[in-house]
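Enquirer: Dropping in my_file_19.cif, which is mmCIF, C-alpha atoms:
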data_input
loop_
_atom_site.label_atom_id
_atom_site.label_comp_id
_atom_site.auth_asym_id
_atom_site.auth_seq_id
_atom_site.Cartn_x
_atom_site.Cartn_y
_atom_site.Cartn_z
CA MET A 1471 -12.56 3.88 2.58
CA PRO A 1472 -13.81 6.17 -0.18
CA ALA A 1473 -17.52 6.53 -0.67
CA SER A 1474 -18.95 4.72 -3.64
CA LYS A 1475 -19.92 7.93 -5.45
CA THR A 1476 -20.74 8.48 -9.07
CA PHE A 1477 -20.63 11.74 -10.90
CA THR A 1478 -21.95 12.89 -14.21
CA VAL A 1479 -19.85 14.38 -16.97
CA VAL A 1480 -21.65 16.27 -19.73
CA CYS A 1481 -20.05 16.53 -23.15
CA ALA A 1482 -19.68 20.21 -24.09
CA GLN A 1483 -20.18 19.43 -27.79
CA CYS A 1484 -23.16 17.09 -27.87
CA GLY A 1485 -24.67 17.35 -24.38
CA ALA A 1486 -24.48 13.58 -23.78
CA ALA A 1487 -24.12 12.63 -20.13
CA SER A 1488 -22.03 9.79 -18.78
CA SER A 1489 -20.97 8.54 -15.38
CA PRO A 1490 -17.37 7.35 -15.63
CA ARG A 1491 -16.11 4.73 -13.20
CA ASN A 1492 -12.44 4.80 -12.40
CA PRO A 1493 -10.23 2.80 -10.05
CA PHE A 1494 -9.48 4.35 -6.66
CA PRO A 1495 -5.83 5.51 -6.48
CA THR A 1496 -3.84 4.01 -3.61
CA VAL A 1497 -0.25 3.59 -2.47
CA ASP A 1498 1.64 0.78 -0.75
CA ILE A 1499 5.10 0.80 0.81
CA VAL A 1500 7.67 -1.99 0.90
CA LEU A 1501 9.95 -1.19 3.82
CA TYR A 1502 12.74 -3.75 4.09
CA ARG A 1503 15.36 -3.96 6.83
CA GLU A 1504 18.32 -6.27 6.41
CA GLY A 1505 18.14 -8.98 9.06
CA HIS A 1506 14.48 -8.20 9.86
CA GLY A 1507 12.54 -8.48 6.62
CA VAL A 1508 9.55 -6.61 5.21
CA LEU A 1509 7.27 -4.53 7.41
CA PHE A 1510 3.59 -5.57 7.50
CA ILE A 1511 0.59 -4.24 9.38
CA GLU A 1512 -2.21 -6.43 10.66
CA ARG A 1513 -5.45 -4.89 9.39
CA ARG A 1514 -8.18 -4.01 11.89
CA ASN A 1515 -10.76 -3.54 9.14
CA PRO A 1516 -11.92 -5.85 6.35
CA PRO A 1517 -10.35 -7.33 4.44
CA HIS A 1518 -8.45 -8.72 7.41
CA GLY A 1519 -4.96 -10.13 7.30
CA TRP A 1520 -1.46 -8.77 7.05
CA ALA A 1521 -0.78 -6.03 4.52
CA LEU A 1522 1.92 -3.65 3.45
CA PRO A 1523 1.48 -0.16 4.91
CA GLY A 1524 -0.53 1.98 2.56
CA GLY A 1525 -3.89 3.46 1.72
CA PHE A 1526 -5.84 5.89 -0.38
CA ILE A 1527 -4.38 8.98 -2.01
CA ASP A 1528 -6.26 12.04 -0.78
CA TYR A 1529 -7.51 14.65 -3.21
CA GLY A 1530 -4.79 17.25 -3.77
CA GLU A 1531 -2.06 14.90 -2.53
CA SER A 1532 0.70 13.31 -4.61
CA ALA A 1533 1.28 9.57 -4.50
CA GLU A 1534 4.62 10.22 -2.81
CA GLU A 1535 3.02 12.38 -0.11
CA ALA A 1536 0.34 9.75 0.47
CA ALA A 1537 2.95 7.00 0.88
CA VAL A 1538 4.89 8.96 3.49
CA ARG A 1539 1.66 9.94 5.31
CA GLU A 1540 0.21 6.43 5.32
CA ALA A 1541 3.48 4.93 6.60
CA LEU A 1542 3.54 7.41 9.47
CA GLU A 1543 -0.15 6.91 10.32
CA GLU A 1544 0.01 3.11 10.27
CA THR A 1545 3.52 2.40 11.57
CA GLY A 1546 4.73 5.56 13.34
CA LEU A 1547 7.79 5.59 11.07
CA HIS A 1548 9.13 8.59 9.18
CA VAL A 1549 10.02 6.93 5.89
CA ARG A 1550 12.14 8.04 2.96
CA LEU A 1551 10.99 6.73 -0.37
CA THR A 1552 13.83 5.00 -2.21
CA GLY A 1553 12.17 4.01 -5.46
CA LEU A 1554 9.16 2.87 -7.39
CA LEU A 1555 8.59 -0.88 -7.32
CA GLY A 1556 5.65 -0.78 -9.71
CA VAL A 1557 2.02 -0.01 -10.37
CA TYR A 1558 -0.49 -2.76 -9.57
CA SER A 1559 -3.89 -2.44 -11.19
CA ASP A 1560 -5.54 -5.85 -11.44
CA PRO A 1561 -9.28 -5.13 -11.02
CA GLU A 1562 -9.45 -8.06 -8.55
CA ARG A 1563 -6.55 -6.93 -6.32
CA ASP A 1564 -8.94 -5.50 -3.70
CA PRO A 1565 -12.16 -7.44 -2.96
CA ARG A 1566 -14.06 -4.24 -2.11
CA PHE A 1567 -13.63 -2.35 -5.38
CA HIS A 1568 -11.17 -1.66 -8.19
CA THR A 1569 -8.01 0.05 -6.94
CA LEU A 1570 -4.79 1.03 -8.62
CA SER A 1571 -1.74 1.05 -6.35
CA VAL A 1572 1.53 2.89 -6.82
CA VAL A 1573 4.02 0.81 -4.81
CA PHE A 1574 7.14 2.44 -3.42
CA THR A 1575 10.19 1.04 -1.69
CA ALA A 1576 11.16 2.93 1.43
CA GLU A 1577 13.54 3.04 4.35
CA ALA A 1578 13.41 4.40 7.89
CA ASP A 1579 16.13 5.04 10.42
CA ALA A 1580 17.20 1.81 12.10
CA HIS A 1581 16.73 3.33 15.56
CA GLU A 1582 13.04 3.98 14.87
CA THR A 1583 10.75 1.23 16.13
CA PRO A 1584 7.44 0.72 14.33
CA CYS A 1585 4.23 0.89 16.35
CA ALA A 1586 0.71 0.12 15.18
CA GLY A 1587 -1.47 3.13 14.55
CA ASP A 1588 -4.54 4.26 12.59
CA ASP A 1589 -6.26 1.09 11.27
CA ALA A 1590 -3.35 -1.24 12.13
CA GLY A 1591 -3.86 -3.73 14.95
CA ASP A 1592 -0.22 -4.82 14.95
CA VAL A 1593 2.94 -4.11 13.00
CA ARG A 1594 6.00 -6.30 12.55
CA PHE A 1595 8.77 -7.35 10.24
CA PHE A 1596 8.61 -10.73 8.50
CA PRO A 1597 11.61 -12.37 6.85
CA LEU A 1598 11.15 -12.86 3.11
CA ASN A 1599 11.25 -16.63 3.60
CA ALA A 1600 8.68 -16.62 6.44
CA LEU A 1601 5.79 -14.40 5.41
CA PRO A 1602 2.48 -14.65 7.28
CA ASP A 1603 -0.14 -17.07 5.95
CA SER A 1604 -2.94 -14.51 5.76
CA ILE A 1605 -1.85 -11.67 3.47
CA ALA A 1606 -4.46 -9.22 2.19
CA PHE A 1607 -4.89 -7.92 -1.34
CA ASP A 1608 -2.13 -8.79 -3.83
CA HIS A 1609 0.61 -7.99 -1.35
CA ARG A 1610 2.20 -11.46 -1.45
CA GLY A 1611 2.84 -10.92 -5.17
CA ILE A 1612 4.19 -7.43 -4.55
CA VAL A 1613 6.64 -8.77 -1.96
CA SER A 1614 7.63 -11.53 -4.38
CA ASP A 1615 8.39 -8.88 -7.02
CA PHE A 1616 10.43 -6.98 -4.43
CA ALA A 1617 12.37 -10.12 -3.44
CA GLN A 1618 13.22 -10.80 -7.10
CA ARG A 1619 14.51 -7.25 -7.50
CA LEU A 1620 16.51 -7.57 -4.29
CA SER A 1621 18.12 -10.85 -5.42
CA ARG A 1622 19.07 -9.32 -8.80
CA SER A 1623 20.82 -6.39 -7.08
CA ALA A 1624 22.77 -8.61 -4.67
#
Before we go any further, please render this structure as structure tokens.

Expert:
Amino acid sequence: MPASKTFTVVCAQCGAASSPRNPFPTVDIVLYREGHGVLFIERRNPPHGWALPGGFIDYGESAEEAAVREALEETGLHVRLTGLLGVYSDPERDPRFHTLSVVFTAEADAHETPCAGDDAGDVRFFPLNALPDSIAFDHRGIVSDFAQRLSRSA
């Protein structure tokens, strides 16, 4: 989790100082396997519940690189990003602080089996019609958006 740091920016023209507050950039991954569903991790750290694999973008890292890294760290899967589902920026999407998430769709080889890693206590696929009750963040809405896109392409 990023530190709650503030920094000061000084205007070169007038010398006025300000401390801007910006959302923390994050990524999430929707990995769907036909016949299995969407991959979720069970969070070890607050906020608890099931969540899509994802996390914070590191300084100097692209959103795409962060998505691939987070998927590997949390699920053990080497994913290929297949598209951009959307950008989710509701200030209330994360109860800890304001985040902005770039959400990608992804795939992994069918022979690869996910295993919980990093801050994931468990990892498993859930069918779109049988999602877990306790889903963290706004991930239920993200999966709903994905399901709508999937049904339109069928």

Enquirer: Using all atoms listed in the file, which protein or nucleic acid residues come within 12 Å of A:Asp1608? Drop anything in the same chain fewer than 4 positions from it, and give the result as a ChimeraX atom specification.

Expert: /A:1498,1517,1519-1522,1557-1565,1569-1571,1573,1604,1612-1615

Enquirer: Could you tell me, as a PyMOL selection string, exactly which residues end up selected when the PyMOL selection byres ((chain A and resi 1524) around 9) is applied to this structure?

Expert: chain A and resi 1496-1499+1521-1523+1525-1526+1536-1541+1544+1573

Enquirer: Closest to A:Val1500 among A:Gly1591, A:Gly1611, A:Gly1485, A:Gly1546, using only C-alpha atoms?

Expert: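 For A:Val1500, the nearest of the given residues is A:Gly1611.
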
Enquirer: Give the answer as one residue: which of A:Ala1590, A:Ala1600, A:Cys1585, A:Leu1620 has the shortest atom-to-atom distance to A:His1518, using only C-alpha atoms?

Expert: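 Distance minimum relative to A:His1518 lands on A:Ala1590.
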
Enquirer: Could you give me, as number ranges by chain, the residues within 7 Å of A:Val1549, counting all atoms listed in the file and dropping anything in the same chain fewer than 2 positions from it?

Expert: A: 1538, 1541, 1547, 1551, 1576-1578

Enquirer: Give me a file of those residues, with C-alpha atoms, as a PDB file, in the coordinates of the input.

Expert:
ATOM      1  CA  VAL A1538       4.890   8.960   3.490  1.00  0.00           C
ATOM      2  CA  ALA A1541       3.480   4.930   6.600  1.00  0.00           C
ATOM      3  CA  LEU A1547       7.790   5.590  11.070  1.00  0.00           C
ATOM      4  CA  LEU A1551      10.990   6.730  -0.370  1.00  0.00           C
ATOM      5  CA  ALA A1576      11.160   2.930   1.430  1.00  0.00           C
ATOM      6  CA  GLU A1577      13.540   3.040   4.350  1.00  0.00           C
ATOM      7  CA  ALA A1578      13.410   4.400   7.890  1.00  0.00           C
TER       8      ALA A1578
END

Enquirer: Nearest to A:His1609 among A:Phe1510, A:Pro1493, A:Ser1623, A:Leu1554, with distances taken over only C-alpha atoms: which residue is it?

Expert: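 Ranked by minimum distance to A:His1609, first place goes to A:Phe1510.
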
Enquirer: How far is it from atom CA of A:His1548 to atom CA of A:Pro1584, in Å with one decimal?

Expert: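 Computing the Euclidean distance for atom CA of A:His1548 and atom CA of A:Pro1584 yields 9.6 Å.
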
Enquirer: Give as a PyMOL selection string each residue that has an atom at most 7 Å from (-5.2, -1.6, 10.6) in the file, counting only C-alpha atoms.

Expert: chain A and resi 1511-1515+1588-1591

Enquirer: Interatomic distance between atom CA of A:Asn1492 and atom CA of A:Glu1534?

Expert: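 Those two atoms sit 20.3 Å apart.
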
Enquirer: Give me, please, the distance in Å between atom CA of A:Phe1595 and atom CA of A:Pro1495, quoted to one decimal.

Expert: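 Going from atom CA of A:Phe1595 over to atom CA of A:Pro1495 covers 25.7 Å.
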
Enquirer: Nearest to A:Arg1610 among A:Ala1533, A:Val1593, A:Ala1486, A:Val1508, with distances taken over all atoms listed in the file: which residue is it?

Expert: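 Ranked by minimum distance to A:Arg1610, first place goes to A:Val1508.
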
Enquirer: Which is closest to A:His1506 among A:Leu1598, A:Cys1484, A:Ala1624, A:Ala1606, if we use only C-alpha atoms?

Expert: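 For A:His1506, the nearest of the candidates is A:Leu1598.
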
Enquirer: Pick from A:Thr1478, A:Thr1583, A:Phe1494, A:His1568: nearest to A:Asp1528, with all atoms listed in the file counted?

Expert: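 Counting all atoms listed in the file, the residue closest to A:Asp1528 is A:Phe1494.
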
Enquirer: Step by step, gather every atom of stretch 1509-1527 of chain A that the file lists, find the box along x, y and z that holds them, add 3 Å on each side, and finally give centre and edge lengths in Å to one decimal, as JSON.

Expert:
{"center_x": -2.3, "center_y": -0.6, "center_z": 4.9, "size_x": 25.2, "size_y": 25.1, "size_z": 19.9}
